[in-house]
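Asks: Here it is, the structure in full.
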Amino acid sequence: MNSIQFAGRVLFLSEDPEQIDRQLRGEDLTLAQAGKLRDDVSTDEITPGWACFHVDETLGRYPYVGLTCGGRRPVGTDAIRLGGFAVTVAGTRYGKGSSREASPYAERVAGIRLVIAKKFERIYRQNCHNLGIFTSNDFGLIDRIRAGESIPLAELVEGCDPVTTEILARGGLFNYTKARLSGEIGMAPVPASTGPMSYVHKIMARTARRPVSGPFAQDDIRFVRADWRYSHDYVTGMCAAFMEDAMGEGVQLHDAASIKCFADHLVYMPQAMSAEKRAMGLLDSAMAMGAMQERFCERYGVQLHHHVPGKTGAEGICHSIMVERYVLPGQVAVGTDSHTPHCGAVGALAFGIGATEMANAWINGDVRVAPPKVCRVHLNGRLPSNVDAKDVVLHLLRLEAVRSGELVGQVFEYAGEALAQMTTDARATLTNMVAEIGGFTGIVAPDAETARFLRERRGIDFQVADWMHSDEGFEYDHEIEVDCSALEPMVARPGDPGRGLAVSDLSEKVVIDIAYGGSCTGGKLEDIEAYHEVMKWGADHGLQLAPAVEFFLQFGSQDVRERSDRAGMTEVFLRMGVQLVEPGCGACINAGPGASKRTEQVTISAINRNFPGRSGPGSLWLGSPSTVAASALAGYIVSFSSLKEEVSIGWS
């Protein structure tokens, strides 16, 4: 395959819904006619969560049905497949958000063979390559494709490393894996680097291997051993289906004991799904996904963290349990979820991968990765008492270097005085939300706090090894300086986590209907303690939840729930009218208590992303745990420190 002819139409994802309407009616526009292209198209928009209940070619009916342009969603079911499109064109940061491979898979089975954008999110682009979809930043290809020109493969893989080029040439990752298993592609250790190294590069170097044949450079993709491979009920079924379709049911898994599966995303689906979605058969599809995970675990001897007998929830969210029970500093963990960097809080190299990548990792025990660029985030000074890690992340997300996509794919290595004073739970917020920043992963080099966490939470006597840090003299690709002493409580306006501003800069009161505390980002033990501090203060000052406000609090794991019970925190929550929800992903993915049900509802939430429709049809603001709890008492968005001031001088 030396060249490819794309036999199909070109679809421009314009900001103007009328231009999309024209294309869906059969008109072929020029780039100029399409106007401004949509930036920041998320995987939630390519395939909304409900569409991902399908794991087969049914997904081809739904690409872009969640795309919001000009306040509406112009793409309907089957529109892309019936429109005969082969190429999609968009703006910058295409494919941000979730790691769901359902998105590029839906595009592929609908006919899309090439996506052109100014910049792509890492996981989305890698998922495309695994499926055999080409991606390009070259807008000059558009007119050539329309003229019927065959595009040389060399142009389509320009900028790709030799491994990715070979994967695309072979038609996808499974074909590449077959060549590895047959011995056609041999593997050898990567030569050791002689210069200063970052902590992440040191972790990779310990097990890195490369293909024997062909050229190899130090910045090329290599394969590193995955100490942990984990997946959840939203994705495991697709992983298993892809694997068995490509390799057969008798395939042997590598070290099944280091593979973990979780029932967390779908645990509340029977209670949460609307009658409309049920009528579409989506509840049956969702429950079938859970059953597929159960069959996979039983067939291959993989541990499944499932429902807790006698309780409505699950054992916990996958990221929470991985940190609370399994992952250690210096290890490599990969998960089928973009928030896998959560585990970087304990000094592990942890990153999200798609379904095809995970299925291949089950077989080979390793995962491909290029040595990433590293951004050092210096958290200088001390955080004010009313500011926490969530506020730090919302500040980072509004920086121009982040919003422009300049730092997409980089490691965010956190350091500094403020970081040293943060607990591991707080650090997990920083690393978890690197997914929203668009980074490859977030990491904190292990220190005394890491050892404390492992000792007190897991009963492990861990000693930090001498090599577990970045070398002096390592040249970072980017550095960010944050004066933490100057930070204020933050929120992010509806639509995108990058739309942040200080709570004090709100021009008018934002009245809320729902407050939600939970998710992997906001359901950790320290987060629960923050909600409790606010509720306890409110109780002591004679306050209750604001009229007509519902406050949902969901624990990240059963361990967190039990510790909260023992500490007497849940008693305070119940007395204050908080609706406690057993562990699971829930409202964060519009699949549980706390998600909005009507467009006019306003929510303040501690989750990690607020893309349109992410947690229901209403307006979703992001804030820290203390801001969420304080707003539940006030009835409008307010920081805890401001609420205390207002109460002290009388309600305004």
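Numbering starts fresh at 1 for the residues of each chain in the structure tokens, the chains themselves are lettered A, B, ... in the order given, and ligands are numbered from 1 as they appear.
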For stretch 468-541 of chain A against stretch 354-376 of chain A, with a cut-off of 12 Å and counting only C-alpha atoms, what is the closest atom pair and its distance in Å to one decimal for every residue that makes the cut, ordered by chain and number, as JSON lines?

Replies:
```
{"residue": "A:Ser470", "atom": "CA", "partner": "A:Arg376", "partner_atom": "CA", "distance": 10.3}
{"residue": "A:Phe474", "atom": "CA", "partner": "A:Val374", "partner_atom": "CA", "distance": 9.9}
{"residue": "A:Glu475", "atom": "CA", "partner": "A:Val374", "partner_atom": "CA", "distance": 8.8}
{"residue": "A:Tyr476", "atom": "CA", "partner": "A:Val374", "partner_atom": "CA", "distance": 5.6}
{"residue": "A:Asp477", "atom": "CA", "partner": "A:Val374", "partner_atom": "CA", "distance": 5.6}
{"residue": "A:His478", "atom": "CA", "partner": "A:Cys375", "partner_atom": "CA", "distance": 4.6}
{"residue": "A:Glu479", "atom": "CA", "partner": "A:Arg376", "partner_atom": "CA", "distance": 4.7}
{"residue": "A:Ile480", "atom": "CA", "partner": "A:Arg376", "partner_atom": "CA", "distance": 6.3}
{"residue": "A:Glu481", "atom": "CA", "partner": "A:Arg376", "partner_atom": "CA", "distance": 8.5}
{"residue": "A:Val482", "atom": "CA", "partner": "A:Arg376", "partner_atom": "CA", "distance": 10.8}
```

Asks: Could you find all residues in stretch 297-380 of chain A that DSSP calls helix (DSSP H, G or I) from the backbone, and write them as a ChimeraX atom specification?

Replies: /A:297-300,318-326,340-346,355-364

Asks: Just checking: using only C-alpha atoms, which residue out of A:Phe6, A:Leu328, A:Ser641, A:Gly613 ends up closest to A:Ser150?

Replies: A:Phe6

Asks: I'd like the contact shell of A:Gly523 - 6 Å cut-off, only C-alpha atoms, skipping same-chain residues fewer than 5 positions apart - returned as a list in words.

Replies: Gly518, Phe555 and Gly556 of chain A

Asks: To test your reading of the structure, identify every residue in stretch 210-245 of chain A that backbone DSSP assigns to strand (DSSP E), and report it as a PyMOL selection string.

Replies: chain A and resi 210-211+222-225+228-232

Asks: Calculated over only C-alpha atoms, which of the candidates A:Trp228, A:Lys277, A:Glu324, A:Glu45 has the smallest distance to A:Gly459?

Replies: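 Among the listed residues, the smallest separation from A:Gly459 belongs to A:Glu324.
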
Asks: Which polymer residues have any atom within 12 Å of an atom of A:Leu29, counting only C-alpha atoms, with same-chain residues fewer than 6 positions away left out, as a PyMOL selection string?

Replies: chain A and resi 9-14+18-23+35+89+142-143+146

Asks: Produce a file of the selected residues containing N, CA and C atoms, as a PDB file, in the first residue's frame.

Replies:
```
ATOM      1  N   ARG A   9     -16.936  11.851   0.638  1.00  0.00           N
ATOM      2  CA  ARG A   9     -17.045  13.298   0.783  1.00  0.00           C
ATOM      3  C   ARG A   9     -16.237  13.803   1.973  1.00  0.00           C
ATOM      4  N   VAL A  10     -16.016  15.112   1.977  1.00  0.00           N
ATOM      5  CA  VAL A  10     -15.306  15.784   3.063  1.00  0.00           C
ATOM      6  C   VAL A  10     -16.324  16.522   3.925  1.00  0.00           C
ATOM      7  N   LEU A  11     -16.273  16.288   5.230  1.00  0.00           N
ATOM      8  CA  LEU A  11     -17.198  16.937   6.173  1.00  0.00           C
ATOM      9  C   LEU A  11     -16.435  17.939   7.022  1.00  0.00           C
ATOM     10  N   PHE A  12     -16.832  19.201   6.939  1.00  0.00           N
ATOM     11  CA  PHE A  12     -16.255  20.242   7.777  1.00  0.00           C
ATOM     12  C   PHE A  12     -17.118  20.416   9.023  1.00  0.00           C
ATOM     13  N   LEU A  13     -16.522  20.260  10.194  1.00  0.00           N
ATOM     14  CA  LEU A  13     -17.252  20.489  11.444  1.00  0.00           C
ATOM     15  C   LEU A  13     -17.171  21.980  11.766  1.00  0.00           C
ATOM     16  N   SER A  14     -18.104  22.708  11.223  1.00  0.00           N
ATOM     17  CA  SER A  14     -18.123  24.162  11.344  1.00  0.00           C
ATOM     18  C   SER A  14     -18.758  24.597  12.655  1.00  0.00           C
ATOM     19  N   GLU A  18     -25.591  25.909  10.397  1.00  0.00           N
ATOM     20  CA  GLU A  18     -26.206  25.963   9.081  1.00  0.00           C
ATOM     21  C   GLU A  18     -25.272  25.402   8.008  1.00  0.00           C
ATOM     22  N   GLN A  19     -23.957  25.570   8.221  1.00  0.00           N
ATOM     23  CA  GLN A  19     -23.004  25.025   7.251  1.00  0.00           C
ATOM     24  C   GLN A  19     -22.952  23.499   7.345  1.00  0.00           C
ATOM     25  N   ILE A  20     -23.164  22.976   8.544  1.00  0.00           N
ATOM     26  CA  ILE A  20     -23.253  21.518   8.685  1.00  0.00           C
ATOM     27  C   ILE A  20     -24.549  21.017   8.054  1.00  0.00           C
ATOM     28  N   ASP A  21     -25.634  21.762   8.261  1.00  0.00           N
ATOM     29  CA  ASP A  21     -26.908  21.394   7.635  1.00  0.00           C
ATOM     30  C   ASP A  21     -26.752  21.276   6.121  1.00  0.00           C
ATOM     31  N   ARG A  22     -26.087  22.233   5.528  1.00  0.00           N
ATOM     32  CA  ARG A  22     -25.911  22.241   4.070  1.00  0.00           C
ATOM     33  C   ARG A  22     -25.181  20.979   3.608  1.00  0.00           C
ATOM     34  N   GLN A  23     -24.144  20.598   4.363  1.00  0.00           N
ATOM     35  CA  GLN A  23     -23.371  19.420   3.975  1.00  0.00           C
ATOM     36  C   GLN A  23     -24.196  18.144   4.127  1.00  0.00           C
ATOM     37  N   GLY A  35     -16.324  28.215   6.984  1.00  0.00           N
ATOM     38  CA  GLY A  35     -16.111  29.209   8.029  1.00  0.00           C
ATOM     39  C   GLY A  35     -15.277  28.673   9.173  1.00  0.00           C
ATOM     40  N   VAL A  89     -12.976  17.176   8.940  1.00  0.00           N
ATOM     41  CA  VAL A  89     -12.048  18.293   9.129  1.00  0.00           C
ATOM     42  C   VAL A  89     -12.546  19.150  10.291  1.00  0.00           C
ATOM     43  N   ILE A 142      -7.064  18.533   1.440  1.00  0.00           N
ATOM     44  CA  ILE A 142      -8.506  18.562   1.176  1.00  0.00           C
ATOM     45  C   ILE A 142      -8.793  18.673  -0.316  1.00  0.00           C
ATOM     46  N   ASP A 143      -8.207  19.662  -0.978  1.00  0.00           N
ATOM     47  CA  ASP A 143      -8.486  19.857  -2.401  1.00  0.00           C
ATOM     48  C   ASP A 143      -7.951  18.700  -3.228  1.00  0.00           C
ATOM     49  N   ARG A 146     -10.407  15.839  -2.992  1.00  0.00           N
ATOM     50  CA  ARG A 146     -11.607  16.125  -3.773  1.00  0.00           C
ATOM     51  C   ARG A 146     -11.364  15.990  -5.279  1.00  0.00           C
TER      52      ARG A 146
END
```

Asks: Write out as a list of chain:residue names each polymer residue whose atoms come within 12 Å of A:Tyr326, counting only C-alpha atoms; drop sequence neighbours fewer than 4 positions from it.

Replies: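 The filter keeps A:Asp227, A:Trp228, A:Arg229, A:Tyr230, A:Ala257, A:Ser258, A:Ile259, A:Lys260, A:Cys318, A:His319, A:Ser320, A:Ile321, A:Met322, A:Gln331, A:Val332, A:Ala333, A:Cys343, A:Val346, A:Ala348, A:Leu454, A:Arg457, A:Arg458, A:Gly459, A:Ile460.
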
Asks: Contacts of A:Thr423 at 12 Å or less, counting only C-alpha atoms, minus same-chain residues fewer than 6 places along, as a ChimeraX atom specification?

Replies: /A:345-346,388-389,429-430,444,446-454,524-527

Asks: If you measure from atom CA of A:Asp220 to atom CA of A:Pro189, what distance in Å do you get, rounded to one decimal?

Replies: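 Here the two named atoms are 13.2 Å from each other.
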
Asks: Of the residues A:Ile443, A:Ser103, A:Thr236, A:Val157, which is the one nearest to A:Ile203, using only C-alpha atoms?

Replies: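 Result for the nearest residue to A:Ile203: A:Ile443.
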
Asks: As an exercise, work out the distance from atom CA of A:Asp337 to atom CA of A:Tyr62 in Å and give it to one decimal place.

Replies: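 Answer for the atom CA of A:Asp337 to atom CA of A:Tyr62 separation: 20.8 Å.
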
Asks: Quick one: everything within 8 Å of A:Val434, counting only C-alpha atoms, minus sequence neighbours fewer than 6 positions away in the same chain. Send it as an mmCIF file with N, CA and C atoms, in the first residue's frame.

Replies:
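What follows is the written file around-v3.cif:
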```
data_model
loop_
_atom_site.group_PDB
_atom_site.id
_atom_site.type_symbol
_atom_site.label_atom_id
_atom_site.label_comp_id
_atom_site.auth_asym_id
_atom_site.auth_seq_id
_atom_site.Cartn_x
_atom_site.Cartn_y
_atom_site.Cartn_z
ATOM 1 N N HIS A 339 -8.638 9.277 32.917
ATOM 2 C CA HIS A 339 -8.215 9.750 34.235
ATOM 3 C C HIS A 339 -7.269 8.789 34.957
ATOM 4 N N PRO A 341 -4.134 8.871 34.911
ATOM 5 C CA PRO A 341 -3.046 9.603 35.579
ATOM 6 C C PRO A 341 -3.282 9.858 37.062
ATOM 7 N N PHE A 412 3.010 16.302 33.005
ATOM 8 C CA PHE A 412 2.986 17.405 33.960
ATOM 9 C C PHE A 412 3.593 16.892 35.262
ATOM 10 N N PHE A 440 -0.115 13.969 28.652
ATOM 11 C CA PHE A 440 0.075 12.523 28.598
ATOM 12 C C PHE A 440 -0.212 11.916 29.956
ATOM 13 N N THR A 441 0.346 12.492 31.000
ATOM 14 C CA THR A 441 0.065 12.055 32.368
ATOM 15 C C THR A 441 0.520 13.134 33.332
ATOM 16 N N GLY A 442 0.168 12.954 34.598
ATOM 17 C CA GLY A 442 0.659 13.802 35.670
ATOM 18 C C GLY A 442 1.388 12.921 36.661
#
```

Asks: Quick check, in Å to one decimal: how far apart do atom CA of A:Val511 and atom CA of A:Glu488 lie?

Replies: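 About the pair atom CA of A:Val511 and atom CA of A:Glu488: they are 20.4 Å apart.
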